[in-house]
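Trainee: If you scroll down you'll find the structure; I have some questions about it.
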Amino acid sequence: MAKTKVLERKPLTFAEKTFLPQIASGLATTFVNMFKKSITMEYPEVRPVIPDKYRGIPTLVKDPKGRVKCVSCQLCEFVCPPKAIRIKPSEIDPDTNEDRSHIEKEPKDFDINMLRCIYCGLCEEVCPEEAIFLQDNFSLSGYTRESMVYGKEKLLELGGTLPDKHFKWDKKKEAEENNPINH
Amino acid sequence: MIEVNITDTITINVDGNLAQVPKGVNVIEAMRSVGKEKAIPHYCYHPKLSIVGNCRMCLVEVGSPLKDRESGHPILEDNGDPKIGWIPKPVIGCSTIVSEGMHIRTNSATVVESRNGVTEFLLINHPLDCPICDQAGECRLQEFSAEHGRGFSRFKEDKNVKPKRTRLGPRVTLDDERCILCSRCIRFSQEIAKDDVLGFIDRGTYSTLTCYPGKELDNNYSLNTVDICPVGALTSTDFRFKMRVWFLKRTKSICTESSVGSNTEIWSREGKIYRITPRRNDAVNDTWMTDSGRNLFKAFESKDRLNSYTVDSVKKKLDDALVATASLLNSNSIGVIGSPFSSFEEQFLLKKLVDHLKADYEMIQHHGEGDGLLLSEDRSPNLRGALINGLIDAIPGNELGALRNKINQGEIETLIVFNEDIETLGIKLDTLKETTQIIYFGSVDNTTAKYSKVIFPSLSVFEKEGTFVNQNFRLQKFDQAIPAPNGLVADRTILECLLLRLKGSDSPNPGMDIQTLWSEISEHIPLLSIVNWSNITEEGVPLESSDWSKLNFIESDNLKYKSKISLEVV
């Protein structure tokens, strides 16, 4: 057992008994800080600068030509630890989407339950099409639980477009068209 | 279960270890018999198809002990071990038959390099579109690329472009870029389905799988080509882009389409079935099943499915329905129309009920056209079950017998109907309503349900567990794949509750579990005295059928069935 050491409390001096020096030094700190730069901010009117690679809410992005990049491979749904993502895959209608029909697959529904999301970023990491990105938005609100489940339209709106240098599927289509034995 | 006969085995040496393997099998099957099927990767070899050896993935090194040509004595190394004459280049395992004393290397440097080389060549023109490929997760090319691929490509040229969405038939779509030309589908069509419609055209990397002009892959076994395709080239048009396979739960089940009782696997997610595929059972269906059997689950997703207990067309709780039924069963003359679609357990309890009520029991057989393969003439899964349970002692026709006349003459006061639609059984419905009260166990809303006093909605085979007895008197178990809708309980439980009520106990019975029921079954039926629920294996239990050898079953010869007539000819 550890030995306890009893500290003796010294009696207060006269100056201490008047409390005046303490008040003076406390006010000094106050006045010094009045002229220093503020370290708090008036959120939400004033917003902090979000650093790069910050992990906010996950969103779907479009390519520079405004096309949906997600092909609904459902890897994010699989990897998502809190099971926040739900995807319903569908086939791209070749009649209405001539430039995308060779991609064959797109999400019909893409729901992310923002109440469940833990902003871990695994969905962004796993995405083979670079279609899902965590944005700098971190504060969400809603009046119902249902309104916090973001659908495909809302996620695409929040995600916007992202510069893309690969155009993997365009290259694929080009190869198809330039193929000498095009069947 | 393969019982290896000692006299039929030989000893081979695999990677330095001795192994006892069956005689006359190839290297891949020999490895499977010692539980090392993963040791030799392969695409084109399929245990139920002929061997072509065109994928070259199963390359292994093979050698035999050298013998002195003059004396016949084995040549020894310096340390006394027999000297092995290795074949100077790797050979394919699928068409190499094992022989006594054979030495096999499955993971030497040469073998690994061969596999890596084969994989690299296969990937040259592969589109690598795993994110949109339905095979992802169950793709041999994906698996072996992870094991034997290099992670980057040395191929700088343009990849070959082939058609991506060719319709081969009403149920099969072909993605030609993914095809690795293993020819399993072609061999299946020729050898098993006997519908020779597929073939390769063009040469080299331009080789393309296609149907013969003017024909399409529309036979009732076309979806088996999708199952055996080792890559995502052949895809099921119905399952295409519906769900990734890694989300699906697999449940072992039995196909209810005909008395063949094909072993199946139900793939479901969160109570919804996405597809049904065959499960290998060499005594029943090998590795195949019919296309029509794969669609059976859709009938239970229809809108006219019964989903609540009703008495006089009013929704009731189960207990109220049971009370109403018990009072109906107090009448003097009771008729029961049973069903060969009921599980063995349901039939067992029904037999007890019929005996207790001294009711008239009849059932009908459902006839259809057989195809000589996996679709028999008897379109019900469990007619043999009714024979074993003693519900019937002869094969019923496809029409009712004496019971129909009794019903039509108004002699039956209470009629219990299982699954059948009495409208199609020649029963006069207009007079029926005044004379007879009907208790209906069925899953779909039909005329019988309209005329019924009490309705107990039945569960589909996917929503309950039980057993069926197939055409060869093989007792086969199926498991519950998805939960029952609306808190419905299985017919088995309802019959148990009814029996308890009729015997005077009105305590609500939560339902026996199937193990307890089976211990009762094995007590009552001598044929099943050694069978219980837990020892019914995945392969099923073959039962002694000599008691019924005099009956003339309507099935003609099919894949695993020999009819009485053809046996007598031999």
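Residue numbering restarts at 1 for every chain of the structure tokens, chains are lettered A, B, ... in their displayed order, and ligands are numbered from 1 as they appear.
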Taking the backbone alone, and naming residues the way the document does, which bits of region 300-394 of chain B are alpha helix (DSSP H) by DSSP, as a VMD selection string?
Mentor: chain B and resid 318 to 328 344 to 357 383 to 389
Trainee: Provide as a list in words the residues of chain B at most 6 Å from chain A, counting only C-alpha atoms.
Mentor: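 Putting it all together, I get Pro131, Ile132 and Val161 of chain B.
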Trainee: Ranking A:Glu42, A:Val149, A:Asp63, A:Asn137 by minimum distance to Lys168 (chain A) and counting only C-alpha atoms, which one comes first?
Mentor: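 Smallest distance to Lys168 (chain A) is found for A:Asp63.
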Trainee: Pick out the residues sitting within 9 Å of Ile266 (chain B), and hand them over as a list in words; count only C-alpha atoms, and ignore anything fewer than 6 positions along from it in its own chain.
Mentor: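 Near neighbours after the sequence-gap exclusion: Leu248, Lys249, Arg250, Thr251, Lys252, Ser253, Ile273, Tyr274, Arg275, Ile276, Thr277, Pro278, Phe462 and Ala481 of chain B.
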Trainee: Could you write out the selected residues, including N, CA and C atoms, as a PDB file, in the first residue's frame?
Mentor:
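part.pdb written:
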```pdb
ATOM      1  N   LEU B 248     -25.868 -12.360 -50.707  1.00  0.00           N
ATOM      2  CA  LEU B 248     -26.934 -13.354 -50.675  1.00  0.00           C
ATOM      3  C   LEU B 248     -26.617 -14.489 -49.710  1.00  0.00           C
ATOM      4  N   LYS B 249     -27.636 -14.891 -48.978  1.00  0.00           N
ATOM      5  CA  LYS B 249     -27.516 -16.008 -48.047  1.00  0.00           C
ATOM      6  C   LYS B 249     -27.900 -17.280 -48.794  1.00  0.00           C
ATOM      7  N   ARG B 250     -27.125 -18.331 -48.627  1.00  0.00           N
ATOM      8  CA  ARG B 250     -27.409 -19.564 -49.350  1.00  0.00           C
ATOM      9  C   ARG B 250     -28.079 -20.563 -48.412  1.00  0.00           C
ATOM     10  N   THR B 251     -29.189 -21.119 -48.866  1.00  0.00           N
ATOM     11  CA  THR B 251     -29.909 -22.116 -48.077  1.00  0.00           C
ATOM     12  C   THR B 251     -30.105 -23.357 -48.926  1.00  0.00           C
ATOM     13  N   LYS B 252     -29.872 -24.498 -48.328  1.00  0.00           N
ATOM     14  CA  LYS B 252     -30.036 -25.752 -49.063  1.00  0.00           C
ATOM     15  C   LYS B 252     -31.506 -26.102 -49.133  1.00  0.00           C
ATOM     16  N   SER B 253     -31.963 -26.440 -50.328  1.00  0.00           N
ATOM     17  CA  SER B 253     -33.374 -26.720 -50.495  1.00  0.00           C
ATOM     18  C   SER B 253     -33.567 -27.813 -51.538  1.00  0.00           C
ATOM     19  N   ILE B 273     -36.003 -13.668 -52.178  1.00  0.00           N
ATOM     20  CA  ILE B 273     -35.217 -14.636 -52.934  1.00  0.00           C
ATOM     21  C   ILE B 273     -34.783 -13.986 -54.247  1.00  0.00           C
ATOM     22  N   TYR B 274     -33.511 -14.135 -54.577  1.00  0.00           N
ATOM     23  CA  TYR B 274     -33.013 -13.552 -55.821  1.00  0.00           C
ATOM     24  C   TYR B 274     -32.793 -14.597 -56.903  1.00  0.00           C
ATOM     25  N   ARG B 275     -32.336 -15.772 -56.522  1.00  0.00           N
ATOM     26  CA  ARG B 275     -32.160 -16.796 -57.535  1.00  0.00           C
ATOM     27  C   ARG B 275     -32.089 -18.170 -56.875  1.00  0.00           C
ATOM     28  N   ILE B 276     -32.282 -19.186 -57.706  1.00  0.00           N
ATOM     29  CA  ILE B 276     -32.161 -20.569 -57.253  1.00  0.00           C
ATOM     30  C   ILE B 276     -31.174 -21.263 -58.177  1.00  0.00           C
ATOM     31  N   THR B 277     -30.201 -21.933 -57.600  1.00  0.00           N
ATOM     32  CA  THR B 277     -29.223 -22.651 -58.418  1.00  0.00           C
ATOM     33  C   THR B 277     -29.164 -24.107 -57.968  1.00  0.00           C
ATOM     34  N   PRO B 278     -28.691 -24.996 -58.848  1.00  0.00           N
ATOM     35  CA  PRO B 278     -28.595 -26.400 -58.447  1.00  0.00           C
ATOM     36  C   PRO B 278     -27.467 -26.633 -57.450  1.00  0.00           C
ATOM     37  N   PHE B 462     -39.917 -22.482 -49.397  1.00  0.00           N
ATOM     38  CA  PHE B 462     -38.800 -21.620 -49.010  1.00  0.00           C
ATOM     39  C   PHE B 462     -38.965 -21.076 -47.590  1.00  0.00           C
ATOM     40  N   ALA B 481     -35.449 -20.791 -45.949  1.00  0.00           N
ATOM     41  CA  ALA B 481     -34.584 -19.768 -46.525  1.00  0.00           C
ATOM     42  C   ALA B 481     -35.000 -18.375 -46.105  1.00  0.00           C
TER      43      ALA B 481
END
```
Trainee: Determine, counting only C-alpha atoms, which protein, DNA and RNA residues have an atom within 8 Å of an atom of His103 (chain B); residues of the same chain fewer than 2 positions away are not included. Present the result as a CSV table (one decimal) with N, CA and C atoms, in the first residue's frame.
Mentor:
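part-v4.csv, written as the output of this step:
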```
chain,number,residue,atom,x,y,z
B,12,ILE,N,-0.4,-42.7,-54.7
B,12,ILE,CA,0.4,-41.7,-55.5
B,12,ILE,C,1.1,-40.8,-54.5
B,13,ASN,N,2.1,-40.1,-55.1
B,13,ASN,CA,2.9,-39.2,-54.3
B,13,ASN,C,2.6,-37.7,-54.7
B,14,VAL,N,2.0,-37.0,-53.8
B,14,VAL,CA,1.6,-35.6,-54.2
B,14,VAL,C,2.5,-34.7,-53.3
B,15,ASP,N,3.4,-33.9,-54.0
B,15,ASP,CA,4.2,-33.0,-53.3
B,15,ASP,C,5.0,-33.6,-52.2
B,16,GLY,N,5.4,-34.9,-52.4
B,16,GLY,CA,6.3,-35.5,-51.4
B,16,GLY,C,5.5,-36.3,-50.4
B,62,VAL,N,4.4,-34.2,-63.6
B,62,VAL,CA,4.1,-35.6,-63.3
B,62,VAL,C,5.3,-36.4,-63.6
B,63,GLY,N,5.6,-37.4,-62.8
B,63,GLY,CA,6.7,-38.3,-63.1
B,63,GLY,C,6.4,-39.7,-62.5
B,64,SER,N,7.2,-40.7,-63.0
B,64,SER,CA,7.0,-42.0,-62.4
B,64,SER,C,8.4,-42.6,-62.0
B,65,PRO,N,8.4,-43.5,-61.1
B,65,PRO,CA,9.7,-44.1,-60.7
B,65,PRO,C,10.4,-44.8,-61.9
B,84,ILE,N,13.0,-40.7,-59.9
B,84,ILE,CA,11.8,-40.3,-60.5
B,84,ILE,C,12.1,-39.8,-61.9
B,101,GLY,N,2.0,-45.3,-58.1
B,101,GLY,CA,3.4,-44.8,-57.9
B,101,GLY,C,3.6,-43.5,-58.5
B,105,ARG,N,3.7,-32.9,-58.8
B,105,ARG,CA,4.1,-31.7,-58.1
B,105,ARG,C,3.0,-30.6,-58.4
```
Trainee: Do you know which residues are at most 10 Å from Asp176 (chain B) counting only C-alpha atoms, after dropping those on the same chain fewer than 2 positions away, and could you put them as a ChimeraX atom specification?
Mentor: /B:126-127,161-166,173-174,178-181,206-210,232-234
Trainee: Apply DSSP to the structure's backbone, then extract all residues of region 301-492 of chain B labelled strand (DSSP E) and return them as a VMD selection string.
Mentor: chain B and resid 310 to 311 314 to 315 334 to 337 360 to 362 414 to 418 437 to 442 454 to 457 466 to 469 474 to 478
Trainee: Tell me which protein, DNA and RNA residues are within 9 Å of Thr161 (chain A), counting only C-alpha atoms, leaving out same-chain ones fewer than 5 positions away, and put them as a list in words.
Mentor: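 Using only C-alpha atoms, the neighbours found are Leu60, Val61, Lys62, Asp63, Pro64, Lys65, Gly66, Arg67 and Leu156 of chain A.
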Trainee: Tell me which protein, DNA and RNA residues are within 10 Å of Val91 (chain B), counting only C-alpha atoms, leaving out same-chain ones fewer than 6 positions away, and put them as a ChimeraX atom specification.
Mentor: /B:56,58-62,111
Trainee: Rank B:Gly214, B:Gly487, B:Pro381, B:Gly149 by their smallest atom-to-atom distance to Cys255 (chain B), using only C-alpha atoms, and report the top residue only.
Mentor: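 Ranked by minimum distance to Cys255 (chain B), first place goes to B:Pro381.
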Trainee: Which one of B:Asn224, B:Thr256, B:Asn54, B:Ser95 sits closest to Ile28 (chain B) if you count only C-alpha atoms?
Mentor: B:Ser95
Trainee: Quick one: pull the distance between CA of Thr264 (chain B) and CA of Tyr561 (chain B), Å, one decimal.
Mentor: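 A separation of 18.4 Å between them.
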Trainee: Could you state the separation of CA of Thr225 (chain B) and CA of Cys185 (chain B) in Å, given to one decimal place?
Mentor: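 A separation of 4.9 Å between them.
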Trainee: One decimal, Å: what's the distance from CA of Ile482 (chain B) over to CA of Leu322 (chain B), could you say?
Mentor: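 Computed distance, CA of Ile482 (chain B) to CA of Leu322 (chain B), equals 25.1 Å.
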Trainee: With distances taken over only C-alpha atoms, which of B:Leu459, B:Val27, B:Val531, B:Ala359 is nearest to Asn419 (chain B)?
Mentor: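 Distance minimum relative to Asn419 (chain B) lands on B:Leu459.
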Trainee: Which one is closest to Thr59 (chain A): A:Glu157, A:Glu16, A:Glu8, A:Asp99? Count only C-alpha atoms.
Mentor: A:Glu157
